[in-house]
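Student: Before I ask anything, here is the structure I am working with.
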2 protein chains.
Amino acid sequence: MNIHIRKATRKDMVTVLDLVIELAVYEKEPDAVTATLSDYEQAFDERIFEVLLAEVNGEVAGMVLYYMTYSTWKGKMLYLEDFVVKASFRKKGIGQVLFDALKKEAIRKEVRLLKWQVLDWNQPAIEFYKKNKSIIEAEWLNCKIYFE
Amino acid sequence: MNIHIRKATRKDMVTVLDLVIELAVYEKEPDAVTATLSDYEQAFDERIFEVLLAEVNGEVAGMVLYYMTYSTWKGKMLYLEDFVVKASFRKKGIGQVLFDALKKEAIRKEVRLLKWQVLDWNQPAIEFYKKNKSIIEAEWLNCKIYFE
């Protein structure tokens with residue numbers, strides 16, 4: 001199987017949003033995605049995030065969506081917001097290829113760390129991240145305020 | 001008491017780093033801050049983060065350090081990385097003025113939400129965020145990988 005990694009372009013935003021919706025269904029929140037294609041295109045134009053896509057025989061099989069942030073303790077930090085492999089492409093090592101590509105991207109961008117979150121019940125993901133020598137911490141709570 | 005809020009400039013990075021170190025001491029991790037003044041200046045020049053400073057009689061009393069990110073579910077999202085009020089300036093309402101200024105900034109930047117984290121044992125902060133109608137969630141774990 002030939003897995004090809006490439007940077008997403010503006011034209012890929014439809015595909016990116018489809019993958020996000022697939023992940024939201026997996027995370028039991030199918031109605032939570034209210035961002036529109038136009039939100040994605042605008043934010044992409046403003047360079048707020050970047051995406052690496054994994055393609056298998058020309059078909060998109062998964063993605064990592066990430067952006068640059070700053071750790072006040074360590075310095076520049078890449079943040080992985082969404083990591084999706086399509087259900088039909090799982091168990092083929094595509095996630096590992098994507099994660100390795102993201103780590104390479106983090107090193108290229110000269111960040112001090114890569115950070116992300118995982119749901120506490122998502123055992124397969126937790127196992128994957130442990131296998132990849134990640135530090136996993138439970139002591140932080142997420143907080144948010146929505147604006148209309 | 002006259003609390004004045006202003007955007008930090010490059011010259012303020014020394015003060016910002018001092019505040020970060022003060023917060024790290026409070027969070028029981030005094031040696032965790034390895035980012036240098038030059039890291040701060042470089043990231044500030046690259047517009048990776050912004051800072052609002054609170055001044056009382058011309059003296060810096062606290063800050064919020066934040067950056068633009070993207071929620072794949074909701075759209076543009078402001079992320080509050082560090083929120084510090086100097087020990088000698090606490091219990092005077094400065095935190096509330098800073099937090100209100102940050103919410104105003106979030107609305108100005110047309111984000112859909114403001115997000116941040118709090119340590120699960122930091123009860124005064126949790127109370128403050130609850131008073132400010134924040135949603136607080138415990139089900140996400142933080143994950144990270146450091147690079148040399």
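Residues are named by chain letter and number: chains run A, B, ... in the order of the structure tokens, numbers start at 1 in each chain, and ligands are numbered from 1 in the order shown.
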Using only C-alpha atoms and a cut-off of 6 Å, which residues of chain B sit close to chain A? Please list them as an MDAnalysis selection string.
Tutor: chainID B and resid 33:35 73:75 112:120 134:147
Student: Could those selected residues go to a file with N, CA and C atoms, as an mmCIF file, in the first residue's frame?
Tutor:
```cif
data_model
loop_
_atom_site.group_PDB
_atom_site.id
_atom_site.type_symbol
_atom_site.label_atom_id
_atom_site.label_comp_id
_atom_site.auth_asym_id
_atom_site.auth_seq_id
_atom_site.Cartn_x
_atom_site.Cartn_y
_atom_site.Cartn_z
ATOM 1 N N VAL B 33 10.434 26.550 33.529
ATOM 2 C CA VAL B 33 10.515 27.591 32.501
ATOM 3 C C VAL B 33 11.915 27.605 31.884
ATOM 4 N N THR B 34 12.033 27.072 30.682
ATOM 5 C CA THR B 34 13.332 27.039 29.997
ATOM 6 C C THR B 34 13.359 28.006 28.809
ATOM 7 N N ALA B 35 12.194 28.533 28.424
ATOM 8 C CA ALA B 35 12.162 29.519 27.335
ATOM 9 C C ALA B 35 12.930 30.767 27.778
ATOM 10 N N TRP B 73 -14.594 22.304 15.224
ATOM 11 C CA TRP B 73 -16.054 22.217 15.369
ATOM 12 C C TRP B 73 -16.726 23.590 15.257
ATOM 13 N N LYS B 74 -16.070 24.635 15.805
ATOM 14 C CA LYS B 74 -16.740 25.934 15.940
ATOM 15 C C LYS B 74 -16.154 27.042 15.059
ATOM 16 N N GLY B 75 -14.878 26.935 14.690
ATOM 17 C CA GLY B 75 -14.232 27.981 13.892
ATOM 18 C C GLY B 75 -13.130 28.674 14.679
ATOM 19 N N ARG B 112 -15.201 32.392 17.675
ATOM 20 C CA ARG B 112 -16.423 31.731 18.153
ATOM 21 C C ARG B 112 -16.315 31.331 19.617
ATOM 22 N N LEU B 113 -15.074 31.136 20.071
ATOM 23 C CA LEU B 113 -14.918 30.801 21.488
ATOM 24 C C LEU B 113 -13.542 31.162 22.000
ATOM 25 N N LEU B 114 -13.492 31.233 23.320
ATOM 26 C CA LEU B 114 -12.260 31.479 24.062
ATOM 27 C C LEU B 114 -12.019 30.202 24.858
ATOM 28 N N LYS B 115 -10.786 29.704 24.827
ATOM 29 C CA LYS B 115 -10.512 28.448 25.526
ATOM 30 C C LYS B 115 -9.248 28.601 26.361
ATOM 31 N N TRP B 116 -9.143 27.833 27.431
ATOM 32 C CA TRP B 116 -7.953 27.831 28.277
ATOM 33 C C TRP B 116 -8.001 26.607 29.163
ATOM 34 N N GLN B 117 -7.020 26.463 30.029
ATOM 35 C CA GLN B 117 -7.022 25.340 30.969
ATOM 36 C C GLN B 117 -6.765 25.831 32.383
ATOM 37 N N VAL B 118 -7.178 25.008 33.337
ATOM 38 C CA VAL B 118 -6.923 25.320 34.745
ATOM 39 C C VAL B 118 -6.510 24.023 35.439
ATOM 40 N N LEU B 119 -5.581 24.112 36.385
ATOM 41 C CA LEU B 119 -5.181 22.930 37.147
ATOM 42 C C LEU B 119 -6.307 22.512 38.069
ATOM 43 N N ASP B 120 -6.534 21.187 38.180
ATOM 44 C CA ASP B 120 -7.714 20.703 38.913
ATOM 45 C C ASP B 120 -7.678 21.026 40.414
ATOM 46 N N SER B 134 -18.036 30.093 32.764
ATOM 47 C CA SER B 134 -17.237 29.255 31.868
ATOM 48 C C SER B 134 -17.719 27.813 31.943
ATOM 49 N N ILE B 135 -17.562 27.104 30.847
ATOM 50 C CA ILE B 135 -17.811 25.661 30.825
ATOM 51 C C ILE B 135 -16.498 24.986 31.220
ATOM 52 N N ILE B 136 -16.540 24.105 32.216
ATOM 53 C CA ILE B 136 -15.317 23.437 32.675
ATOM 54 C C ILE B 136 -15.475 21.931 32.482
ATOM 55 N N GLU B 137 -14.528 21.309 31.799
ATOM 56 C CA GLU B 137 -14.639 19.891 31.428
ATOM 57 C C GLU B 137 -13.436 19.100 31.911
ATOM 58 N N ALA B 138 -13.693 17.875 32.375
ATOM 59 C CA ALA B 138 -12.613 17.055 32.929
ATOM 60 C C ALA B 138 -12.244 15.870 32.040
ATOM 61 N N GLU B 139 -12.944 15.666 30.933
ATOM 62 C CA GLU B 139 -12.777 14.391 30.223
ATOM 63 C C GLU B 139 -11.606 14.349 29.234
ATOM 64 N N TRP B 140 -10.942 15.482 29.052
ATOM 65 C CA TRP B 140 -9.825 15.497 28.112
ATOM 66 C C TRP B 140 -8.493 15.387 28.848
ATOM 67 N N LEU B 141 -7.604 14.580 28.315
ATOM 68 C CA LEU B 141 -6.247 14.462 28.852
ATOM 69 C C LEU B 141 -5.298 15.249 27.961
ATOM 70 N N ASN B 142 -4.314 15.888 28.564
ATOM 71 C CA ASN B 142 -3.288 16.575 27.783
ATOM 72 C C ASN B 142 -2.197 15.593 27.379
ATOM 73 N N CYS B 143 -1.714 15.724 26.172
ATOM 74 C CA CYS B 143 -0.633 14.869 25.694
ATOM 75 C C CYS B 143 0.460 15.752 25.104
ATOM 76 N N LYS B 144 1.714 15.343 25.286
ATOM 77 C CA LYS B 144 2.779 16.118 24.660
ATOM 78 C C LYS B 144 4.026 15.295 24.409
ATOM 79 N N ILE B 145 4.791 15.787 23.463
ATOM 80 C CA ILE B 145 6.097 15.218 23.132
ATOM 81 C C ILE B 145 7.063 16.398 23.075
ATOM 82 N N TYR B 146 8.177 16.280 23.778
ATOM 83 C CA TYR B 146 9.194 17.342 23.724
ATOM 84 C C TYR B 146 10.238 17.034 22.655
ATOM 85 N N PHE B 147 10.769 18.067 22.050
ATOM 86 C CA PHE B 147 11.872 17.917 21.102
ATOM 87 C C PHE B 147 13.127 18.497 21.727
#
```
Student: Could you fit chain B onto chain A with a least-squares superposition over all C-alpha atoms, matched one to one in order, and give me the transformed chain as a PDB file with C-alpha atoms, in the first residue's frame?
Tutor:
```pdb
ATOM      1  CA  MET B   1       0.013   0.008   0.021  1.00  0.00           C
ATOM      2  CA  ASN B   2       1.372   3.389  -1.016  1.00  0.00           C
ATOM      3  CA  ILE B   3       0.671   6.138   1.533  1.00  0.00           C
ATOM      4  CA  HIS B   4       1.382   9.619   0.233  1.00  0.00           C
ATOM      5  CA  ILE B   5       1.509  12.635   2.579  1.00  0.00           C
ATOM      6  CA  ARG B   6       0.907  16.152   1.263  1.00  0.00           C
ATOM      7  CA  LYS B   7      -0.055  19.604   2.559  1.00  0.00           C
ATOM      8  CA  ALA B   8      -3.716  20.460   2.073  1.00  0.00           C
ATOM      9  CA  THR B   9      -4.622  23.392  -0.189  1.00  0.00           C
ATOM     10  CA  ARG B  10      -7.695  25.630  -0.078  1.00  0.00           C
ATOM     11  CA  LYS B  11      -9.490  23.225  -2.456  1.00  0.00           C
ATOM     12  CA  ASP B  12      -9.132  20.427   0.113  1.00  0.00           C
ATOM     13  CA  MET B  13     -11.203  22.235   2.748  1.00  0.00           C
ATOM     14  CA  VAL B  14     -14.369  20.324   1.722  1.00  0.00           C
ATOM     15  CA  THR B  15     -12.560  17.040   2.373  1.00  0.00           C
ATOM     16  CA  VAL B  16     -11.082  18.355   5.632  1.00  0.00           C
ATOM     17  CA  LEU B  17     -14.525  19.353   6.927  1.00  0.00           C
ATOM     18  CA  ASP B  18     -15.890  15.906   5.956  1.00  0.00           C
ATOM     19  CA  LEU B  19     -13.123  14.253   8.005  1.00  0.00           C
ATOM     20  CA  VAL B  20     -13.854  16.531  10.983  1.00  0.00           C
ATOM     21  CA  ILE B  21     -17.532  15.530  10.850  1.00  0.00           C
ATOM     22  CA  GLU B  22     -16.548  11.854  10.721  1.00  0.00           C
ATOM     23  CA  LEU B  23     -14.406  12.337  13.852  1.00  0.00           C
ATOM     24  CA  ALA B  24     -17.221  14.214  15.646  1.00  0.00           C
ATOM     25  CA  VAL B  25     -19.527  11.257  15.007  1.00  0.00           C
ATOM     26  CA  TYR B  26     -16.889   8.924  16.481  1.00  0.00           C
ATOM     27  CA  GLU B  27     -16.599  11.231  19.519  1.00  0.00           C
ATOM     28  CA  LYS B  28     -20.394  10.991  19.964  1.00  0.00           C
ATOM     29  CA  GLU B  29     -21.018  14.663  19.124  1.00  0.00           C
ATOM     30  CA  PRO B  30     -22.433  14.570  15.574  1.00  0.00           C
ATOM     31  CA  ASP B  31     -24.259  17.910  15.899  1.00  0.00           C
ATOM     32  CA  ALA B  32     -21.391  19.813  17.489  1.00  0.00           C
ATOM     33  CA  VAL B  33     -19.757  20.842  14.214  1.00  0.00           C
ATOM     34  CA  THR B  34     -21.194  24.268  13.374  1.00  0.00           C
ATOM     35  CA  ALA B  35     -18.161  25.670  11.520  1.00  0.00           C
ATOM     36  CA  THR B  36     -18.956  26.009   7.805  1.00  0.00           C
ATOM     37  CA  LEU B  37     -16.872  25.454   4.685  1.00  0.00           C
ATOM     38  CA  SER B  38     -16.576  29.218   4.382  1.00  0.00           C
ATOM     39  CA  ASP B  39     -15.203  29.411   7.983  1.00  0.00           C
ATOM     40  CA  TYR B  40     -12.588  26.831   7.012  1.00  0.00           C
ATOM     41  CA  GLU B  41     -11.647  28.628   3.793  1.00  0.00           C
ATOM     42  CA  GLN B  42     -11.355  31.986   5.551  1.00  0.00           C
ATOM     43  CA  ALA B  43      -9.203  30.603   8.389  1.00  0.00           C
ATOM     44  CA  PHE B  44      -7.054  28.716   5.865  1.00  0.00           C
ATOM     45  CA  ASP B  45      -6.531  31.964   3.912  1.00  0.00           C
ATOM     46  CA  GLU B  46      -5.564  33.693   7.173  1.00  0.00           C
ATOM     47  CA  ARG B  47      -3.020  30.879   7.757  1.00  0.00           C
ATOM     48  CA  ILE B  48      -4.553  30.065  11.148  1.00  0.00           C
ATOM     49  CA  PHE B  49      -4.070  26.328  10.634  1.00  0.00           C
ATOM     50  CA  GLU B  50      -2.382  23.838   8.303  1.00  0.00           C
ATOM     51  CA  VAL B  51      -3.314  20.287   7.352  1.00  0.00           C
ATOM     52  CA  LEU B  52      -1.328  17.249   6.259  1.00  0.00           C
ATOM     53  CA  LEU B  53      -3.379  14.769   4.246  1.00  0.00           C
ATOM     54  CA  ALA B  54      -2.625  11.071   3.827  1.00  0.00           C
ATOM     55  CA  GLU B  55      -3.621   9.689   0.430  1.00  0.00           C
ATOM     56  CA  VAL B  56      -3.874   6.041  -0.566  1.00  0.00           C
ATOM     57  CA  ASN B  57      -4.168   5.453  -4.326  1.00  0.00           C
ATOM     58  CA  GLY B  58      -5.184   9.098  -4.750  1.00  0.00           C
ATOM     59  CA  GLU B  59      -7.969   8.896  -2.163  1.00  0.00           C
ATOM     60  CA  VAL B  60      -7.766  10.900   1.077  1.00  0.00           C
ATOM     61  CA  ALA B  61      -7.536   8.423   3.961  1.00  0.00           C
ATOM     62  CA  GLY B  62      -6.842  10.751   6.890  1.00  0.00           C
ATOM     63  CA  MET B  63      -5.373  14.002   8.135  1.00  0.00           C
ATOM     64  CA  VAL B  64      -3.729  15.952  10.915  1.00  0.00           C
ATOM     65  CA  LEU B  65      -4.867  19.570  11.398  1.00  0.00           C
ATOM     66  CA  TYR B  66      -2.485  21.716  13.470  1.00  0.00           C
ATOM     67  CA  TYR B  67      -1.358  25.265  14.208  1.00  0.00           C
ATOM     68  CA  MET B  68       1.505  27.147  15.809  1.00  0.00           C
ATOM     69  CA  THR B  69       1.090  28.173  19.447  1.00  0.00           C
ATOM     70  CA  TYR B  70       3.409  29.196  22.273  1.00  0.00           C
ATOM     71  CA  SER B  71       4.298  27.473  25.520  1.00  0.00           C
ATOM     72  CA  THR B  72       5.270  30.182  28.004  1.00  0.00           C
ATOM     73  CA  TRP B  73       7.484  27.611  29.717  1.00  0.00           C
ATOM     74  CA  LYS B  74       9.182  26.003  26.692  1.00  0.00           C
ATOM     75  CA  GLY B  75       8.766  28.316  23.668  1.00  0.00           C
ATOM     76  CA  LYS B  76       7.242  27.615  20.237  1.00  0.00           C
ATOM     77  CA  MET B  77       4.769  24.729  20.346  1.00  0.00           C
ATOM     78  CA  LEU B  78       2.882  22.955  17.563  1.00  0.00           C
ATOM     79  CA  TYR B  79      -0.664  22.031  18.542  1.00  0.00           C
ATOM     80  CA  LEU B  80      -2.434  19.060  16.961  1.00  0.00           C
ATOM     81  CA  GLU B  81      -6.125  19.950  16.949  1.00  0.00           C
ATOM     82  CA  ASP B  82      -7.589  17.045  14.962  1.00  0.00           C
ATOM     83  CA  PHE B  83      -6.198  13.682  13.929  1.00  0.00           C
ATOM     84  CA  VAL B  84      -8.489  11.521  11.785  1.00  0.00           C
ATOM     85  CA  VAL B  85      -8.144   8.294   9.831  1.00  0.00           C
ATOM     86  CA  LYS B  86     -11.272   7.345   7.871  1.00  0.00           C
ATOM     87  CA  ALA B  87     -12.983   4.253   9.283  1.00  0.00           C
ATOM     88  CA  SER B  88     -12.414   2.247   6.078  1.00  0.00           C
ATOM     89  CA  PHE B  89      -8.662   2.962   6.220  1.00  0.00           C
ATOM     90  CA  ARG B  90      -7.968   2.083   9.866  1.00  0.00           C
ATOM     91  CA  LYS B  91      -5.552  -0.638  11.067  1.00  0.00           C
ATOM     92  CA  LYS B  92      -3.264  -0.111   8.078  1.00  0.00           C
ATOM     93  CA  GLY B  93      -0.573   2.032   9.719  1.00  0.00           C
ATOM     94  CA  ILE B  94      -1.819   5.276   8.158  1.00  0.00           C
ATOM     95  CA  GLY B  95      -2.122   6.968  11.569  1.00  0.00           C
ATOM     96  CA  GLN B  96       1.532   6.213  12.309  1.00  0.00           C
ATOM     97  CA  VAL B  97       2.662   7.626   8.955  1.00  0.00           C
ATOM     98  CA  LEU B  98       0.618  10.792   9.583  1.00  0.00           C
ATOM     99  CA  PHE B  99       1.921  11.151  13.146  1.00  0.00           C
ATOM    100  CA  ASP B 100       5.526  10.707  11.981  1.00  0.00           C
ATOM    101  CA  ALA B 101       4.971  13.330   9.277  1.00  0.00           C
ATOM    102  CA  LEU B 102       3.599  15.702  11.901  1.00  0.00           C
ATOM    103  CA  LYS B 103       6.635  15.175  14.142  1.00  0.00           C
ATOM    104  CA  LYS B 104       8.867  15.895  11.150  1.00  0.00           C
ATOM    105  CA  GLU B 105       6.884  19.084  10.480  1.00  0.00           C
ATOM    106  CA  ALA B 106       7.252  20.081  14.164  1.00  0.00           C
ATOM    107  CA  ILE B 107      11.019  19.659  13.941  1.00  0.00           C
ATOM    108  CA  ARG B 108      11.113  21.599  10.651  1.00  0.00           C
ATOM    109  CA  LYS B 109       9.258  24.466  12.341  1.00  0.00           C
ATOM    110  CA  GLU B 110      11.782  24.340  15.215  1.00  0.00           C
ATOM    111  CA  VAL B 111       9.193  24.028  17.964  1.00  0.00           C
ATOM    112  CA  ARG B 112      10.118  22.818  21.440  1.00  0.00           C
ATOM    113  CA  LEU B 113       7.095  20.584  21.787  1.00  0.00           C
ATOM    114  CA  LEU B 114       4.050  19.100  20.151  1.00  0.00           C
ATOM    115  CA  LYS B 115       0.854  19.117  22.195  1.00  0.00           C
ATOM    116  CA  TRP B 116      -2.666  17.730  21.776  1.00  0.00           C
ATOM    117  CA  GLN B 117      -5.520  16.214  23.745  1.00  0.00           C
ATOM    118  CA  VAL B 118      -7.241  12.854  23.901  1.00  0.00           C
ATOM    119  CA  LEU B 119     -10.599  11.879  25.414  1.00  0.00           C
ATOM    120  CA  ASP B 120     -10.107   9.851  28.598  1.00  0.00           C
ATOM    121  CA  TRP B 121     -12.307   6.979  27.275  1.00  0.00           C
ATOM    122  CA  ASN B 122     -10.544   6.732  23.895  1.00  0.00           C
ATOM    123  CA  GLN B 123      -8.346   3.772  24.827  1.00  0.00           C
ATOM    124  CA  PRO B 124      -7.095   2.889  21.300  1.00  0.00           C
ATOM    125  CA  ALA B 125      -5.859   6.479  20.855  1.00  0.00           C
ATOM    126  CA  ILE B 126      -4.268   6.526  24.329  1.00  0.00           C
ATOM    127  CA  GLU B 127      -2.442   3.261  23.522  1.00  0.00           C
ATOM    128  CA  PHE B 128      -1.238   4.714  20.220  1.00  0.00           C
ATOM    129  CA  TYR B 129       0.117   7.844  21.945  1.00  0.00           C
ATOM    130  CA  LYS B 130       1.788   5.793  24.683  1.00  0.00           C
ATOM    131  CA  LYS B 131       3.462   3.632  22.031  1.00  0.00           C
ATOM    132  CA  ASN B 132       4.720   6.920  20.588  1.00  0.00           C
ATOM    133  CA  LYS B 133       6.360   7.877  23.903  1.00  0.00           C
ATOM    134  CA  SER B 134       3.939  10.724  24.676  1.00  0.00           C
ATOM    135  CA  ILE B 135       3.526  12.262  28.111  1.00  0.00           C
ATOM    136  CA  ILE B 136      -0.148  12.025  29.124  1.00  0.00           C
ATOM    137  CA  GLU B 137      -1.483  14.201  31.965  1.00  0.00           C
ATOM    138  CA  ALA B 138      -4.849  14.243  33.716  1.00  0.00           C
ATOM    139  CA  GLU B 139      -4.535  17.221  36.056  1.00  0.00           C
ATOM    140  CA  TRP B 140      -5.638  19.969  33.684  1.00  0.00           C
ATOM    141  CA  LEU B 141      -9.282  20.865  33.106  1.00  0.00           C
ATOM    142  CA  ASN B 142     -10.467  22.450  29.873  1.00  0.00           C
ATOM    143  CA  CYS B 143     -12.379  25.703  30.164  1.00  0.00           C
ATOM    144  CA  LYS B 144     -14.272  27.621  27.515  1.00  0.00           C
ATOM    145  CA  ILE B 145     -16.672  30.432  26.818  1.00  0.00           C
ATOM    146  CA  TYR B 146     -18.684  30.570  23.596  1.00  0.00           C
ATOM    147  CA  PHE B 147     -19.538  33.796  21.796  1.00  0.00           C
ATOM    148  CA  GLU B 148     -22.724  34.286  19.796  1.00  0.00           C
TER     149      GLU B 148
END
```
Student: As a ChimeraX atom specification, which residues of chain B does DSSP assign to helix (DSSP H, G or I)?
Tutor: /B:10-26,37-45,87-89,94-108,123-131
